[in-house]
Every structure is written in C-alpha cells, then in structure tokens.
file structure_21.txt (compact mmCIF, C-alpha atoms)
# COMPACT_ATOMS: atom_id res chain seq x y z
CA MET O 1 127.30 96.62 119.99
CA ARG O 2 123.70 95.79 119.11
CA GLN O 3 122.20 92.89 117.27
CA SER O 4 120.98 93.87 113.81
CA VAL O 5 117.52 92.40 113.32
CA ASN O 6 114.64 92.70 110.90
CA THR O 7 111.73 94.43 112.59
CA TYR O 8 108.17 95.16 111.62
CA ILE O 9 107.78 98.83 110.71
CA PRO O 10 104.35 99.99 111.95
CA GLY O 11 102.10 101.49 109.30
CA PHE O 12 104.05 100.34 106.26
CA THR O 13 101.77 97.41 105.39
CA GLY O 14 98.71 99.67 105.30
CA LEU O 15 100.62 102.32 103.37
CA ARG O 16 101.52 99.73 100.76
CA GLY O 17 97.81 99.00 100.39
CA VAL O 18 97.07 102.69 99.84
CA ALA O 19 99.74 102.81 97.12
CA ALA O 20 98.22 99.77 95.38
CA PHE O 21 94.76 101.33 95.54
CA GLY O 22 96.13 104.52 93.99
CA VAL O 23 97.45 102.56 91.01
CA PHE O 24 94.07 100.79 90.74
CA LEU O 25 92.33 104.19 90.53
CA VAL O 26 94.60 105.26 87.66
CA HIS O 27 93.59 102.31 85.51
CA TYR O 28 89.97 102.57 86.64
CA ASN O 29 89.73 106.19 85.52
CA GLN O 30 91.39 105.44 82.20
CA ILE O 31 88.16 103.57 81.44
CA VAL O 32 85.45 105.73 83.06
CA LEU O 33 87.12 109.16 82.60
CA LEU O 34 85.68 110.93 85.62
CA ASP O 35 86.58 114.63 85.33
CA PRO O 36 84.69 116.87 87.79
CA VAL O 37 86.45 120.05 88.91
CA TRP O 38 85.72 121.90 92.15
CA GLY O 39 87.71 125.13 92.16
CA PRO O 40 91.40 124.22 92.19
CA PHE O 41 90.58 120.55 92.87
CA ASP O 42 90.58 118.37 89.75
CA LEU O 43 89.36 114.81 90.38
CA TYR O 44 90.62 113.56 87.02
CA GLU O 45 94.11 114.88 87.79
CA LEU O 46 94.07 113.32 91.26
CA LEU O 47 93.00 109.89 89.97
CA ALA O 48 95.52 110.06 87.11
CA ASN O 49 98.25 110.85 89.61
CA GLY O 50 97.41 107.70 91.53
CA GLU O 51 100.31 106.34 89.50
CA TYR O 52 102.57 108.04 92.03
CA GLY O 53 101.76 105.02 94.17
CA VAL O 54 104.43 103.30 92.06
CA ALA O 55 107.00 105.82 93.29
CA LEU O 56 105.90 105.05 96.84
CA PHE O 57 106.41 101.31 96.16
CA PHE O 58 109.95 102.00 94.96
CA SER O 59 110.80 104.17 97.97
CA LEU O 60 109.35 101.54 100.32
CA SER O 61 111.54 98.91 98.70
CA GLY O 62 114.63 101.10 99.02
CA PHE O 63 113.82 101.65 102.70
CA LEU O 64 113.12 98.05 103.65
CA LEU O 65 115.91 96.47 101.61
CA SER O 66 118.60 98.85 102.84
CA LEU O 67 117.57 98.97 106.52
CA PRO O 68 119.33 95.72 107.57
CA TYR O 69 122.53 96.92 105.88
CA TRP O 70 122.41 100.33 107.60
CA GLN O 71 121.82 98.51 110.90
CA SER O 72 124.86 96.38 110.21
CA LYS O 73 127.06 99.40 109.53
CA ARG O 74 125.71 101.44 112.43
CA TYR O 75 125.93 98.72 115.08
CA GLU O 76 128.99 96.97 113.58
CA THR O 77 127.32 93.62 113.17
CA PRO O 78 127.88 91.16 110.28
CA LEU O 79 126.23 92.02 107.00
CA PRO O 80 123.10 90.05 106.12
CA ARG O 81 123.99 86.84 104.31
CA THR O 82 123.47 87.18 100.58
CA ILE O 83 121.95 83.70 100.26
CA ASN O 84 119.33 84.53 102.89
CA TYR O 85 118.62 87.88 101.28
CA ALA O 86 118.24 86.31 97.83
CA CYS O 87 116.01 83.49 99.06
CA LYS O 88 113.72 85.90 100.92
CA ARG O 89 113.26 88.06 97.83
CA ILE O 90 112.63 85.05 95.58
CA VAL O 91 110.15 83.49 98.00
CA ARG O 92 108.31 86.77 98.50
CA VAL O 93 108.02 87.86 94.86
CA THR O 94 108.22 84.99 92.38
CA PRO O 95 105.51 82.42 93.32
CA ALA O 96 102.56 84.82 93.03
CA TYR O 97 104.10 86.57 90.02
CA PHE O 98 104.74 83.30 88.15
CA PHE O 99 101.18 82.23 88.94
CA ALA O 100 99.80 85.51 87.56
CA VAL O 101 101.95 85.29 84.42
CA THR O 102 100.88 81.71 83.80
CA VAL O 103 97.18 82.50 84.28
CA LEU O 104 97.35 85.40 81.82
CA LEU O 105 99.35 83.40 79.27
CA ILE O 106 96.66 80.71 79.30
CA PHE O 107 93.73 83.12 79.35
CA TYR O 108 95.02 85.22 76.43
CA ASN O 109 96.34 82.23 74.44
CA HIS O 110 99.49 84.31 74.35
CA TRP O 111 101.84 81.81 72.75
CA ALA O 112 100.00 82.17 69.42
CA ILE O 113 101.07 85.78 68.74
CA PRO O 114 104.27 86.77 66.81
CA GLY O 115 107.37 86.70 68.99
CA ALA O 116 105.43 85.03 71.79
CA TRP O 117 108.15 82.70 73.00
CA SER O 118 110.71 85.49 73.32
CA ASP O 119 108.08 87.48 75.20
CA ILE O 120 107.24 84.58 77.52
CA LEU O 121 110.90 83.91 78.30
CA LEU O 122 111.48 87.60 79.01
CA HIS O 123 108.54 87.65 81.42
CA TYR O 124 109.67 84.63 83.40
CA SER O 125 113.21 86.04 83.64
CA PHE O 126 112.07 89.56 84.72
CA LEU O 127 113.76 91.14 81.68
CA PHE O 128 110.67 92.15 79.71
CA ASN O 129 111.10 95.85 80.57
CA LEU O 130 114.22 95.84 78.38
CA VAL O 131 112.27 95.13 75.18
CA GLU O 132 109.63 97.38 73.66
CA PHE O 133 107.35 94.67 72.31
CA SER O 134 107.32 92.86 75.66
CA ILE O 135 107.15 95.50 78.37
CA PHE O 136 103.35 96.00 78.28
CA SER O 137 102.35 92.92 76.30
CA LEU O 138 100.86 90.77 79.06
CA ASN O 139 99.94 93.15 81.87
CA PRO O 140 100.98 96.84 81.83
CA SER O 141 101.42 96.82 85.62
CA PHE O 142 104.08 94.10 85.57
CA TRP O 143 106.91 96.42 84.51
CA THR O 144 107.45 97.59 88.09
CA LEU O 145 108.21 94.01 89.16
CA ALA O 146 110.96 93.74 86.57
CA VAL O 147 112.50 96.97 87.89
CA GLU O 148 112.15 95.71 91.48
CA MET O 149 113.83 92.40 90.71
CA GLN O 150 116.71 94.16 88.97
CA LEU O 151 117.11 96.39 92.00
CA TYR O 152 117.21 93.34 94.29
CA CYS O 153 120.34 92.24 92.45
CA LEU O 154 122.05 95.60 92.99
CA VAL O 155 121.37 96.18 96.70
CA PRO O 156 123.73 93.55 98.20
CA VAL O 157 126.42 94.44 95.66
CA PHE O 158 126.31 98.11 96.63
CA PHE O 159 126.41 97.50 100.38
CA TYR O 160 129.13 94.87 100.20
CA LEU O 161 131.30 97.25 98.19
CA ALA O 162 130.56 100.03 100.70
CA HIS O 163 130.94 97.82 103.77
CA ARG O 164 134.49 98.89 104.66
CA SER O 165 133.84 102.60 104.16
CA SER O 166 132.24 104.90 106.71
CA ILE O 167 128.51 105.49 106.81
CA TYR O 168 128.92 109.01 105.44
CA ILE O 169 131.03 107.85 102.51
CA SER O 170 128.37 105.20 101.83
CA LEU O 171 125.67 107.88 101.86
CA ALA O 172 127.70 110.07 99.51
CA THR O 173 128.28 107.11 97.18
CA LEU O 174 124.56 106.35 97.19
CA ALA O 175 123.76 109.96 96.27
CA ILE O 176 126.35 109.93 93.46
CA THR O 177 124.97 106.61 92.17
CA ALA O 178 121.44 108.02 92.06
CA ALA O 179 122.61 111.18 90.28
CA LEU O 180 124.64 109.19 87.73
CA SER O 181 121.68 106.90 87.14
CA TYR O 182 119.49 109.89 86.33
CA LEU O 183 122.14 111.43 84.06
CA VAL O 184 122.68 108.18 82.14
CA HIS O 185 118.91 107.87 81.79
CA CYS O 186 118.77 111.36 80.23
CA VAL O 187 121.72 110.63 77.93
CA LEU O 188 120.12 107.41 76.66
CA ILE O 189 116.80 109.13 75.95
CA ASN O 190 118.58 111.80 73.91
CA ALA O 191 120.92 109.30 72.24
CA VAL O 192 118.26 107.00 70.77
CA THR O 193 117.13 108.70 67.54
CA GLN O 194 115.74 105.77 65.56
CA VAL O 195 113.84 102.54 66.06
CA VAL O 196 115.96 99.49 66.90
CA LEU O 197 114.49 96.16 65.79
CA TRP O 198 114.60 92.97 67.83
CA PRO O 199 117.50 90.93 66.37
CA LEU O 200 115.68 87.60 66.79
CA ASP O 201 112.62 88.78 64.85
CA GLU O 202 112.72 91.93 62.73
CA ARG O 203 108.95 92.23 62.85
CA LEU O 204 109.29 93.28 66.49
CA THR O 205 110.58 96.51 68.02
CA TRP O 206 113.37 96.38 70.59
CA ILE O 207 113.82 100.10 71.40
CA ARG O 208 112.00 103.11 70.02
CA VAL O 209 112.62 106.84 70.33
CA ASN O 210 111.52 108.02 73.78
CA GLY O 211 109.75 104.70 74.21
CA ALA O 212 108.77 102.62 77.20
CA VAL O 213 112.10 100.79 77.47
CA LEU O 214 113.87 104.08 78.08
CA ASN O 215 111.24 105.61 80.36
CA TYR O 216 110.41 102.54 82.46
CA SER O 217 113.94 101.38 83.17
CA LEU O 218 115.82 100.75 86.39
CA LEU O 219 117.98 103.79 85.62
CA ALA O 220 114.92 106.03 85.51
CA HIS O 221 113.71 104.88 88.93
CA LEU O 222 116.91 104.25 90.86
CA PRO O 223 116.69 107.77 92.42
CA HIS O 224 113.39 106.76 94.07
CA PHE O 225 115.01 103.65 95.54
CA ALA O 226 117.93 105.77 96.72
CA ILE O 227 115.61 108.22 98.48
CA GLY O 228 114.03 105.27 100.28
CA ALA O 229 117.47 104.03 101.29
CA PHE O 230 118.42 107.47 102.62
CA THR O 231 115.17 107.50 104.58
CA ALA O 232 116.08 104.18 106.21
CA PHE O 233 119.35 105.64 107.44
CA PHE O 234 117.61 108.67 108.95
CA PHE O 235 114.99 106.36 110.43
CA LEU O 236 117.73 104.76 112.55
CA GLN O 237 118.93 108.20 113.58
CA LEU O 238 115.45 109.31 114.57
CA ASN O 239 114.83 106.06 116.40
CA GLU O 240 117.85 106.80 118.60
CA SER O 241 116.59 110.32 119.23
CA ARG O 242 113.20 108.99 120.28
CA LYS O 243 114.81 107.25 123.25
CA LYS O 244 115.97 110.61 124.57
CA ARG O 245 113.03 112.79 123.55
CA PRO O 246 110.05 110.48 122.88
CA LEU O 247 107.33 113.12 123.13
CA LEU O 248 109.11 115.58 120.85
CA VAL O 249 109.75 112.92 118.19
CA GLN O 250 106.17 111.63 118.38
CA LYS O 251 104.48 115.03 118.15
CA GLY O 252 106.88 116.37 115.54
CA SER O 253 106.43 113.25 113.39
CA GLU O 254 102.65 113.44 113.68
CA VAL O 255 102.50 117.07 112.57
CA PHE O 256 105.02 116.50 109.80
CA PHE O 257 103.24 113.40 108.45
CA TRP O 258 99.83 115.05 108.17
CA ALA O 259 101.25 118.31 106.81
CA VAL O 260 103.13 116.47 104.07
CA SER O 261 100.08 114.30 103.33
CA CYS O 262 97.94 117.41 102.81
CA LEU O 263 100.61 119.01 100.63
CA LEU O 264 100.84 115.89 98.47
CA LEU O 265 97.06 115.80 98.09
CA ILE O 266 97.05 119.42 96.93
CA LEU O 267 99.91 118.88 94.49
CA LEU O 268 98.44 115.69 93.04
CA ALA O 269 95.03 117.32 92.51
CA ALA O 270 96.36 120.49 90.86
CA PRO O 271 96.15 120.42 87.03
CA ASP O 272 99.54 120.49 85.28
CA PHE O 273 101.24 121.76 88.45
CA LEU O 274 103.50 118.76 88.96
CA SER O 275 105.16 119.07 85.57
CA ALA O 276 106.52 122.47 86.56
CA LEU O 277 108.17 120.93 89.64
CA GLN O 278 109.71 117.94 87.88
CA ILE O 279 113.23 117.88 86.46
CA PRO O 280 113.61 116.99 82.75
CA HIS O 281 112.95 113.28 82.16
CA GLY O 282 112.40 112.84 85.90
CA ARG O 283 109.91 110.14 86.78
CA TYR O 284 106.99 110.60 89.19
CA GLY O 285 107.65 114.17 90.22
CA LEU O 286 111.35 113.71 90.82
CA PRO O 287 112.76 115.17 93.01
CA LEU O 288 110.08 117.01 95.03
CA ILE O 289 107.36 114.35 95.21
CA ALA O 290 109.89 111.59 95.84
CA LEU O 291 111.42 113.58 98.71
CA LEU O 292 107.99 114.25 100.20
CA MET O 293 107.15 110.56 100.04
CA GLY O 294 110.47 109.79 101.70
CA GLY O 295 109.42 112.18 104.45
CA LEU O 296 106.18 110.24 104.90
CA LEU O 297 108.12 106.99 105.30
CA LEU O 298 110.43 108.59 107.83
CA ALA O 299 107.69 110.10 109.98
CA LEU O 300 104.98 107.43 109.86
CA PRO O 301 106.50 104.82 112.25
CA PHE O 302 106.92 107.45 114.99
CA THR O 303 103.36 108.80 114.85
CA THR O 304 100.40 107.73 116.98
CA TYR O 305 97.26 108.56 115.01
CA ALA O 306 98.68 107.91 111.54
CA VAL O 307 99.95 104.51 112.66
CA ARG O 308 96.55 103.70 114.14
CA LEU O 309 94.96 104.53 110.80
CA PHE O 310 97.31 102.41 108.70
CA GLU O 311 97.32 99.58 111.26
CA TRP O 312 93.51 99.56 111.33
CA GLY O 313 92.32 96.05 110.49
CA PRO O 314 90.71 96.56 107.04
CA ILE O 315 93.50 98.82 105.77
CA LYS O 316 96.24 96.56 107.11
CA MET O 317 94.55 93.46 105.68
CA PHE O 318 94.28 95.13 102.29
CA GLY O 319 97.99 95.95 102.58
CA VAL O 320 98.70 92.26 103.19
CA LEU O 321 96.71 91.41 100.05
CA SER O 322 98.10 94.33 98.04
CA TYR O 323 100.69 92.33 96.10
CA GLY O 324 98.11 89.97 94.61
CA PHE O 325 95.75 92.91 94.11
CA TYR O 326 98.43 94.76 92.17
CA LEU O 327 99.18 91.69 90.03
CA PHE O 328 95.58 91.15 88.93
CA HIS O 329 93.81 94.51 89.12
CA HIS O 330 94.52 95.67 85.56
CA PRO O 331 93.30 92.59 83.66
CA ILE O 332 90.28 92.37 86.00
CA LEU O 333 89.38 95.98 85.18
CA GLN O 334 89.51 95.09 81.49
CA TRP O 335 87.45 91.93 81.97
CA ALA O 336 84.88 93.74 84.13
CA ASP O 337 84.57 96.51 81.54
CA ARG O 338 83.86 94.01 78.76
CA GLY O 339 81.53 91.96 80.95
CA MET O 340 79.43 94.96 81.91
CA ALA O 341 79.25 96.09 78.27
CA GLU O 342 77.83 92.69 77.31
CA VAL O 343 74.88 93.26 79.66
CA HIS O 344 74.46 96.85 78.43
CA LEU O 345 76.02 98.49 81.49
CA ASN O 346 78.80 100.56 79.97
CA ALA O 347 81.41 101.36 82.64
CA PRO O 348 81.56 105.14 81.93
CA ASP O 349 77.79 105.33 82.46
CA TYR O 350 77.87 103.29 85.67
CA PRO O 351 81.19 104.23 87.31
CA LEU O 352 80.10 103.30 90.85
CA ILE O 353 78.94 99.80 89.87
CA PHE O 354 82.11 99.36 87.82
CA VAL O 355 84.45 100.34 90.64
CA LEU O 356 82.66 98.10 93.13
CA VAL O 357 82.61 95.07 90.82
CA SER O 358 86.23 95.41 89.68
CA PHE O 359 87.56 96.19 93.17
CA CYS O 360 85.77 93.23 94.71
CA LEU O 361 86.94 90.85 91.98
CA ALA O 362 90.54 92.07 92.24
CA THR O 363 90.43 91.74 96.03
CA LEU O 364 88.99 88.22 95.70
CA ALA O 365 91.80 87.26 93.31
CA ALA O 366 94.32 88.74 95.74
CA PHE O 367 92.81 86.81 98.65
CA PHE O 368 93.00 83.55 96.70
CA THR O 369 96.59 84.26 95.68
CA TYR O 370 97.59 85.07 99.26
CA ILE O 371 95.86 82.10 100.89
CA CYS O 372 96.81 79.50 98.29
CA ILE O 373 100.25 80.69 97.14
CA GLU O 374 101.89 83.55 99.02
CA ARG O 375 101.19 82.51 102.60
CA PRO O 376 101.89 78.77 102.25
CA VAL O 377 105.22 79.47 100.56
CA LEU O 378 106.21 82.01 103.23
CA VAL O 379 105.19 79.69 106.07
CA LEU O 380 107.13 76.81 104.51
CA TRP O 381 110.18 79.05 104.12
CA LYS O 382 110.05 80.24 107.72
CA LYS O 383 109.68 76.71 109.01
CA LYS O 384 112.54 75.44 106.92
CA LYS O 385 114.99 78.26 107.45
CA ARG O 386 113.68 79.62 110.75
CA LEU O 387 114.00 83.12 109.42
CA TYR O 388 111.54 85.98 109.67
CA VAL O 389 110.07 86.98 106.33
CA PRO O 390 107.86 90.13 106.52
CA LEU O 391 104.45 89.74 104.99

call {"tool": "encode", "arguments": {"input": "structure_21.txt", "output": "structure tokens"}}
result
Amino acid sequence: MRQSVNTYIPGFTGLRGVAAFGVFLVHYNQIVLLDPVWGPFDLYELLANGEYGVALFFSLSGFLLSLPYWQSKRYETPLPRTINYACKRIVRVTPAYFFAVTVLLIFYNHWAIPGAWSDILLHYSFLFNLVEFSIFSLNPSFWTLAVEMQLYCLVPVFFYLAHRSSIYISLATLAITAALSYLVHCVLINAVTQVVLWPLDERLTWIRVNGAVLNYSLLAHLPHFAIGAFTAFFFLQLNESRKKRPLLVQKGSEVFFWAVSCLLLILLAAPDFLSALQIPHGRYGLPLIALLMGGLLLALPFTTYAVRLFEWGPIKMFGVLSYGFYLFHHPILQWADRGMAEVHLNAPDYPLIFVLVSFCLATLAAFFTYICIERPVLVLWKKKKRLYVPL
C-alpha cells in the first residue's frame, strides 16, 4: 500500500509555456503573414501549426487530472475527494479568467451589442462554446477554457464510476468513451444541415452547418484528453520500472523525447502533410500528432537534458505565467497591431518590432495577473485548506 499524493512533474511547467507560445505565434502570423520556404521547410506552415499547442494543453490536462485517480486505483488508496478536486480547479482557473473577461467586457463596451447579455452570461458560466454567436465574440482563445471546464466536470464522474472495476477495464472504458465521443462528433457534423437560430433572439445564430460550435466542442477534443489520461497511467508504470532499471529508462526516454520532438517539427513544418495523416473531422492531427504528444509527456519527466531545458529559469517562469499570457495574448496582438498602424509602423512591414512589442505586453499582462490575482488566491487557498495546488 502506498500513499497517493500529488507530485510536481518535472518539465511540465516549461512545456506548458512552450504550448502557449506556439498559440501566440499562430495569432501573430495571422497578422504579419510570414511565408518564407527553405526546401521542405515552410515557416508559414510551422507558425500556423502552432495551434497544435492547444492539443498539448488538452493532453496535459488529461494527464494531470487523471494521475491522482490512477494512483488511487494502482495503490488502493481512497479516491481524491470531489470537493477538494472541484475547489482546486475553480481556484486555479476562474479568478484570472473572470478578471480577463471583465476587462475585455469593459474595454470593448460589450454590453451594447445585440444579444450581449446572453453572451456575457454564457462567458461567465463557461458555456459560450455551445453557441455560435458567442464562441469567438470576446476573445477567440477563450473557447479552450470552456472545453477544459466542461472536462473538469466529467473526470471525477468517470473515475468514480470506474472505481470498482479493474485498471484494465477502466482503460478499456476510457478508450471506448474517446472513440464514442469522436463518432458522435462526426454524426453531429453530418446531421446539422441548416442554420439553427438562437431561441432567445432570432437575430443571432445558435448552430450553423460545420460551424464553430460543432468543431470546437468537448466531443471533438475528448480523445486528446483521453490520450493524456492513458499517458498518466503508463507514466506510473514507467516510474516503477525506473526503480529497477534507472539508466535504461533515463537513456531510452531521452532518445525517445528528442526523436519525437524532431519528428513533430518536421511534420508541423511540412505543407499540407498533416491533413493526409488526420482522420475525417479529427482535430489537431488526430490520432498521430496526439499520440506523439502523449509520447512527449510520457518521456519528458524521465529525461535529464530535456528536463534541464524545460526547468531552466526563464522557460519555467514563462510556463508559470503562461495562463495569463494565454488569456491576454490575442487582444494584445490586436491592440499592438492597431497602435503600430497609428504611428505608421504597419505590423507586416515590421514583424520583428511587432513580435517584440506584443510579446512583452502580453508577458507584462500575464505577470500582473499572476502576481495580483493567481498567486494570492492560490496562497490563500493553500493556507486555508492546507492542500498542495500546483502552480
């Protein structure tokens, strides 16, 4: 019998920062449109595929959320208490998000537009990805947080239902759930053949054919979460093997991590290559890219040099700030673009100045959010509950 505890996974904080920076580069290049090509390497394609950082976020969440439950099943300890789990998720996600939503509502004078109050309520309740007119209305990057919050509600339900079954039945159930989620996602996309109006205001669109509500749903991304959860299970297995063969696990993980990283770089920089590897209606290179990213998560904690890289001070610190950076980077890119245009420095003509200005401003906003909101709330929670809440 072993005590199931939450532990810090080395390298994951820095990796989260890399994922956030990848998403930043996507939105940056949508403005400046850098497109040099060097042989098979296409910079535009690579920057556009920075959006795969979102898939990495989802797999990371699946890993970290499921790990305590796998520990509980493996070492036959009590399941994590749902109230503690729920409070940790709320404390970690909502304060900074509500702050960002409120700032943008005020800045854009958002309540004056048609359907604004429905939109505002949907944003504060994390349901805005279920409505077409709301999903991208305030900040296009927010949709991932709605999907994350909806996943948070499902994780304890799944593991409590699977608690009395064996680990292998739980793994099989998880695989079936992911497959069914993908199939239902495909069915819904094919089933919607006309625009559905919002019943509270017929001027607004609820669902449209092959629209954002269908493509940016929890169903569409549940397979990525499931791959992260599978990875957490195999992480425990590999951690046990490391005690018997530490050198083999370390060297094998190191080689595997860098080989997969190089392969991902090649795939993400190859024009139109990923679409040939993706299943119909699969999101973010599903299944190949998602499986490769799961392999990165599995190998990283057992490496030496990769961990040193992602635990390096600047990268790790950016990972700590990555949540606030993700929340604010898109509107700051838009504001920086307009601000530079007003002084006759068009962003496409000055891409280096633009990236430096927007990155620094987004990092400054993230630092303020972390110091003034995220960290004080987390410290207060830990003091009150005496529980560890990963940063």

call {"tool": "closest_residue", "arguments": {"input": "structure_21.txt", "among": "O:Tyr370, O:Phe12, O:Tyr152, O:Tyr69", "to": "Leu56 of chain O", "atoms": "all atoms listed in the file"}}
result
O:Phe12

call {"tool": "atom_distance", "arguments": {"input": "structure_21.txt", "atom1": "atom CA of Phe159 of chain O", "atom2": "atom CA of Arg81 of chain O"}}
result
11.6 Å

call {"tool": "closest_residue", "arguments": {"input": "structure_21.txt", "among": "O:Leu15, O:Lys88, O:Tyr8, O:Ser141", "to": "Trp381 of chain O", "atoms": "all atoms listed in the file"}}
result
O:Lys88

call {"tool": "residues_around", "arguments": {"input": "structure_21.txt", "residues": "segment 231-233 of chain O", "least_positions_apart": "5", "cutoff": "12 Å", "atoms": "all atoms listed in the file", "output": "PyMOL selection string"}}
result
chain O and resi 9+59-74+167-168+170-171+174+224-226+238-240+290-301

call {"tool": "atom_distance", "arguments": {"input": "structure_21.txt", "atom1": "atom CA of Cys360 of chain O", "atom2": "atom CA of Ala100 of chain O"}}
result
17.5 Å

call {"tool": "residues_around", "arguments": {"input": "structure_21.txt", "residues": "segment 118-123 of chain O", "least_positions_apart": "2", "cutoff": "10 Å", "atoms": "all atoms listed in the file", "output": "MDAnalysis selection string"}}
result
chainID O and resid 97:98 101:102 105 110:111 113:116 125:131 133:135 137:138 142:143 146 200:201

call {"tool": "write_last_selection", "arguments": {"input": "structure_21.txt", "atoms": "C-alpha atoms", "output": "mmCIF file, in the coordinates of the input"}}
result
data_model
loop_
_atom_site.group_PDB
_atom_site.id
_atom_site.type_symbol
_atom_site.label_atom_id
_atom_site.label_comp_id
_atom_site.auth_asym_id
_atom_site.auth_seq_id
_atom_site.Cartn_x
_atom_site.Cartn_y
_atom_site.Cartn_z
ATOM 1 C CA TYR O 97 104.100 86.570 90.020
ATOM 2 C CA PHE O 98 104.740 83.300 88.150
ATOM 3 C CA VAL O 101 101.950 85.290 84.420
ATOM 4 C CA THR O 102 100.880 81.710 83.800
ATOM 5 C CA LEU O 105 99.350 83.400 79.270
ATOM 6 C CA HIS O 110 99.490 84.310 74.350
ATOM 7 C CA TRP O 111 101.840 81.810 72.750
ATOM 8 C CA ILE O 113 101.070 85.780 68.740
ATOM 9 C CA PRO O 114 104.270 86.770 66.810
ATOM 10 C CA GLY O 115 107.370 86.700 68.990
ATOM 11 C CA ALA O 116 105.430 85.030 71.790
ATOM 12 C CA SER O 125 113.210 86.040 83.640
ATOM 13 C CA PHE O 126 112.070 89.560 84.720
ATOM 14 C CA LEU O 127 113.760 91.140 81.680
ATOM 15 C CA PHE O 128 110.670 92.150 79.710
ATOM 16 C CA ASN O 129 111.100 95.850 80.570
ATOM 17 C CA LEU O 130 114.220 95.840 78.380
ATOM 18 C CA VAL O 131 112.270 95.130 75.180
ATOM 19 C CA PHE O 133 107.350 94.670 72.310
ATOM 20 C CA SER O 134 107.320 92.860 75.660
ATOM 21 C CA ILE O 135 107.150 95.500 78.370
ATOM 22 C CA SER O 137 102.350 92.920 76.300
ATOM 23 C CA LEU O 138 100.860 90.770 79.060
ATOM 24 C CA PHE O 142 104.080 94.100 85.570
ATOM 25 C CA TRP O 143 106.910 96.420 84.510
ATOM 26 C CA ALA O 146 110.960 93.740 86.570
ATOM 27 C CA LEU O 200 115.680 87.600 66.790
ATOM 28 C CA ASP O 201 112.620 88.780 64.850
#

call {"tool": "closest_residue", "arguments": {"input": "structure_21.txt", "among": "O:Val184, O:Pro223, O:Glu311, O:Pro78", "to": "Leu288 of chain O", "atoms": "all atoms listed in the file"}}
result
O:Pro223

call {"tool": "residues_around", "arguments": {"input": "structure_21.txt", "residues": "Ser181 of chain O", "least_positions_apart": "3", "cutoff": "8 Å", "atoms": "all atoms listed in the file", "output": "PyMOL selection string"}}
result
chain O and resi 177-178+184-185+219-220+222-223

call {"tool": "write_last_selection", "arguments": {"input": "structure_21.txt", "atoms": "C-alpha atoms", "output": "short mmCIF file (atom, residue, chain, number, x, y, z; two decimals), in the coordinates of the input"}}
result
data_model
loop_
_atom_site.label_atom_id
_atom_site.label_comp_id
_atom_site.auth_asym_id
_atom_site.auth_seq_id
_atom_site.Cartn_x
_atom_site.Cartn_y
_atom_site.Cartn_z
CA THR O 177 124.97 106.61 92.17
CA ALA O 178 121.44 108.02 92.06
CA VAL O 184 122.68 108.18 82.14
CA HIS O 185 118.91 107.87 81.79
CA LEU O 219 117.98 103.79 85.62
CA ALA O 220 114.92 106.03 85.51
CA LEU O 222 116.91 104.25 90.86
CA PRO O 223 116.69 107.77 92.42
#

call {"tool": "atom_distance", "arguments": {"input": "structure_21.txt", "atom1": "atom CA of Glu342 of chain O", "atom2": "atom CA of Phe354 of chain O"}}
result
13.2 Å

call {"tool": "residues_around", "arguments": {"input": "structure_21.txt", "residues": "Gly211 of chain O", "least_positions_apart": "2", "cutoff": "12 Å", "atoms": "all atoms listed in the file", "output": "list in words"}}
result
Asn129, Leu130, Val131, Glu132, Phe133, Ile135, Phe136, Leu188, Ile189, Asn190, Val192, Thr193, Gln194, Val195, Val196, Thr205, Trp206, Ile207, Arg208, Val209, Val213, Leu214, Asn215, Tyr216 and Ser217 of chain O

call {"tool": "closest_residue", "arguments": {"input": "structure_21.txt", "among": "O:Leu104, O:Val343, O:Pro246, O:Ala269", "to": "Tyr44 of chain O", "atoms": "all atoms listed in the file"}}
result
O:Ala269

call {"tool": "closest_residue", "arguments": {"input": "structure_21.txt", "among": "O:Val307, O:Leu327, O:Leu218, O:Leu356", "to": "Thr94 of chain O", "atoms": "only C-alpha atoms"}}
result
O:Leu327

call {"tool": "closest_residue", "arguments": {"input": "structure_21.txt", "among": "O:Leu378, O:Ile83, O:Val91, O:Ile289", "to": "Ser275 of chain O", "atoms": "all atoms listed in the file"}}
result
O:Ile289

call {"tool": "residues_around", "arguments": {"input": "structure_21.txt", "residues": "Phe368 of chain O", "least_positions_apart": "6", "cutoff": "10 Å", "atoms": "all atoms listed in the file", "output": "NGL selection string"}}
result
:O and (321 or 324 or 362 or 374)

call {"tool": "residues_near_point", "arguments": {"input": "structure_21.txt", "point": "(81.5, 108.4, 87.4)", "cutoff": "12 Å", "atoms": "only C-alpha atoms", "output": "number ranges by chain"}}
result
O: 28-36, 43-44, 47, 346-356

call {"tool": "decode", "arguments": {"input": "structure_21.txt", "residues": "segment 100-113 of chain O", "atoms": "C-alpha atoms", "output": "tab-separated table (two decimals), in the first residue's frame"}}
result
chain	number	residue	atom	x	y	z
O	100	ALA	CA	-9.82	38.79	-18.19
O	101	VAL	CA	-13.48	38.54	-19.22
O	102	THR	CA	-14.39	41.59	-17.15
O	103	VAL	CA	-11.50	43.65	-18.54
O	104	LEU	CA	-12.48	42.83	-22.12
O	105	LEU	CA	-16.18	43.48	-21.49
O	106	ILE	CA	-15.33	46.95	-20.21
O	107	PHE	CA	-12.73	47.71	-22.86
O	108	TYR	CA	-14.97	46.70	-25.77
O	109	ASN	CA	-18.16	48.19	-24.26
O	110	HIS	CA	-19.53	44.74	-24.99
O	111	TRP	CA	-22.92	45.06	-23.33
O	112	ALA	CA	-24.07	47.47	-26.06
O	113	ILE	CA	-24.09	44.91	-28.90
